[in-house]
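Below: one structure, written as structure tokens.
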Amino acid sequence: MKKCTFQASSDIALVKYWGKKDAENRLPENGSISMVLDGLNSVTTVEFVQNLEADMISIDGSEISQDSREAKRVIAHLDRIRALAGSTLRAKVVSQNNFPRGTGLSSSSSGFAALTLAALGALEIDLPAKEVSILARQASGSACRVVNGGFVEWHEGDSSETSFSETISGAEDWDLRDIIAVVDSGQKTTSSTSGHELAQTSPFFSIRQKNINQKLTQCRKFIQDKDFSALGALAEAEALEFHSIILTSTPPLIFWKPGTVAVMHEVQQLREEGIECYFTLNTGFNVHILTTPENEEIVTERIGKLELVKSTINARSGGSPVELTEHLF
Ligand code: PMV
């Protein structure tokens with residue numbers, strides 16, 4: 001059978017997806033908008049093999065146990081794709097990330113987008129872009145965004161067929177930079193998947209829902225107008241609102257580490273000095289700092305100097321996934 005390899009990028013949500021109105025179909029409580037990140041990539045090779053008894057999955061150099069949550073999620077997704085082709089063949093899957101996974105840098109978005117495209121390619125199934133997004137969404141919500149490139153909106157939808165993503169503006173239209181401050185190398189203890197279930201338990205969630213469509217409209221406009229000051233301020237306020245919700249969920253989720261807070265203060269200090277940058281973060285402790293190309297160097301230097309920052313990763317607005325001719329096995 002054909003071997004197929006895809007590289008997909010992770011993203012950073014500017015307006016976050018939080019909570020599901022239909023967990024089985026991964027239909028979100030609200031629409032979301034993100035920037036795809038060239039620099040945080042997953043590469044995945046898939047081959048469906050005759051006489052293989054079970055799917056074999058290896059991520060970042062280690063074979064994943066069949067009983068793990070991670071493997072079950074991959075196998076369930078392979079089953080969806082096998083069903084499309086009417087195939088019962090098991091697959092060999094090898095995936096490699098160039099950034100730490102499970103630390104709030106959204107490795108599930110790039111990983112499941114690359115898996116979706118590589119598995120479709122290996123079974124020679126050709127789907128329109130909208131259907132690829134719908135399929136990827138069923139494995140990981142944010143993966144439905146990064147099958148596209150640039151600045152992407154995931155339409156909330158009210159059914160599986162209406163919940164998919166589209167590009168608002170291409171990566172080539174607006175070159176923004178994202179400096180990621182890695183403040184801890186350990187994995188987070190709560191996954192986004194279980195966090196979503198707690199959204200409704202926060203007393204602030206209903207207030208968020210009341211204002212979310214207005215926020216999406218503003219975000220879309222700031223991207224179209226390339227208004228960095230307005231977009232950065234919106235993204236930073238959104239990250240704090242999102243963390244207010246998870247901090248007040250039952251049970252509360254506290255992801256921040258001392259280094260997370262140190263980076264937030266430094267970003268505010270940089271702004272006071274006239275260096276424009278804004279922070280945002282997902283369900284994790286590592287911080288994304290959005291800035292423009294001219295300020296990338298100074299921001300990287302200042303953030304990298306902080307005692308509690310272990311390393312920095314530089315990313316920029318990125319494009320859609322690409323098929324590679326070099327395979328991982
Ligand atoms: O796609 P998931 O289940 O990993 O959830 C992503 C949740 C956030 O990263 C917090 C927000 C987002 O829109 O990416």
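Letters A, B, ... go to the chains of the structure tokens in the order shown; residues in each chain start at 1; ligands are counted from 1 in the same order.
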Write as an mmCIF file with C-alpha atoms, in the first residue's frame the residues around ligand 1, taking 10 Å as the cut-off and counting only C-alpha atoms and all ligand atoms.
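The resulting selection.cif:
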data_model
loop_
_atom_site.group_PDB
_atom_site.id
_atom_site.type_symbol
_atom_site.label_atom_id
_atom_site.label_comp_id
_atom_site.auth_asym_id
_atom_site.auth_seq_id
_atom_site.Cartn_x
_atom_site.Cartn_y
_atom_site.Cartn_z
ATOM 1 C CA SER A 10 0.257 23.939 15.362
ATOM 2 C CA ASP A 11 -1.613 27.197 16.007
ATOM 3 C CA ILE A 12 -2.286 29.755 18.687
ATOM 4 C CA ALA A 13 -5.905 30.652 19.306
ATOM 5 C CA LEU A 14 -6.592 34.387 19.417
ATOM 6 C CA VAL A 15 -10.229 33.733 20.358
ATOM 7 C CA LYS A 16 -10.257 30.372 22.121
ATOM 8 C CA TYR A 17 -12.399 27.294 21.694
ATOM 9 C CA TRP A 18 -13.536 26.321 25.177
ATOM 10 C CA GLY A 19 -16.341 23.886 25.997
ATOM 11 C CA LYS A 20 -18.274 21.503 23.767
ATOM 12 C CA ARG A 26 -16.695 17.703 19.078
ATOM 13 C CA PRO A 28 -17.715 23.646 20.207
ATOM 14 C CA ASN A 30 -18.357 28.885 20.343
ATOM 15 C CA GLY A 31 -16.459 29.724 17.182
ATOM 16 C CA SER A 32 -12.717 30.419 17.432
ATOM 17 C CA ILE A 33 -9.968 32.178 15.479
ATOM 18 C CA SER A 34 -6.285 31.255 15.433
ATOM 19 C CA MET A 35 -2.972 31.969 13.773
ATOM 20 C CA GLY A 102 1.541 17.981 26.155
ATOM 21 C CA GLY A 104 0.012 23.622 26.153
ATOM 22 C CA LEU A 105 1.532 24.235 22.717
ATOM 23 C CA SER A 106 -1.342 22.488 20.970
ATOM 24 C CA SER A 107 0.512 19.449 19.641
ATOM 25 C CA SER A 108 -2.863 17.727 19.214
ATOM 26 C CA SER A 109 -3.832 20.255 16.524
ATOM 27 C CA SER A 110 -0.755 19.696 14.334
ATOM 28 C CA PHE A 112 -4.119 15.144 14.286
ATOM 29 C CA ARG A 137 -12.353 18.126 14.027
ATOM 30 C CA GLN A 138 -13.661 14.758 15.161
ATOM 31 C CA ALA A 139 -10.166 13.822 16.398
ATOM 32 C CA SER A 140 -9.172 17.173 17.924
ATOM 33 C CA GLY A 141 -11.160 20.394 17.752
ATOM 34 C CA SER A 142 -8.202 22.643 17.054
ATOM 35 C CA ALA A 143 -6.942 20.258 14.330
ATOM 36 C CA CYS A 144 -9.893 21.363 12.182
ATOM 37 C CA ARG A 145 -8.322 24.835 12.045
ATOM 38 C CA TRP A 154 -13.537 27.669 12.959
ATOM 39 C CA SER A 191 -5.529 17.605 29.060
ATOM 40 C CA SER A 192 -7.653 20.120 27.158
ATOM 41 C CA THR A 193 -10.053 17.259 26.387
ATOM 42 C CA SER A 194 -10.977 16.820 30.066
ATOM 43 C CA GLY A 195 -10.789 20.603 30.692
ATOM 44 C CA HIS A 196 -13.529 21.287 28.123
ATOM 45 C CA ALA A 239 -6.214 34.699 27.360
ATOM 46 C CA PHE A 242 -10.068 32.135 29.404
ATOM 47 C CA HIS A 243 -7.823 31.511 32.407
ATOM 48 C CA ILE A 246 -10.589 27.636 34.110
ATOM 49 C CA LEU A 281 -1.600 31.077 26.494
ATOM 50 C CA ASN A 282 -3.662 27.934 26.204
ATOM 51 C CA THR A 283 -4.242 25.138 28.716
ATOM 52 C CA GLY A 284 -0.652 25.105 29.824
#
Open item on the list: At a cut-off of 12 Å, using only C-alpha atoms, what residues contact A:Glu276? Leave out same-chain residues fewer than 6 positions from it and give the result as a ChimeraX atom specification.
Closed with: /A:176-177,228-233,266-270,289-296,298-299
Open item on the list: To one decimal place in Å, what is the distance between atom CA of A:Ser169 and atom CA of A:Gly150?
Closed with: 5.9 Å
TODO: Would you list, as a PyMOL selection string, the residues of stretch 69-217 of chain A that end up in helix (DSSP H, G or I) under DSSP run on this structure's backbone?
DONE: chain A and resi 69-85+107-122+129-139+143-146+160-162+171-173+192-196+199-201+205-217
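Of the listed residues A:Gly149, A:Gly157, A:Pro258, A:Pro128, the one whose atoms come nearest to A:Gly319 is A:Gly149, with distances taken using only C-alpha atoms.
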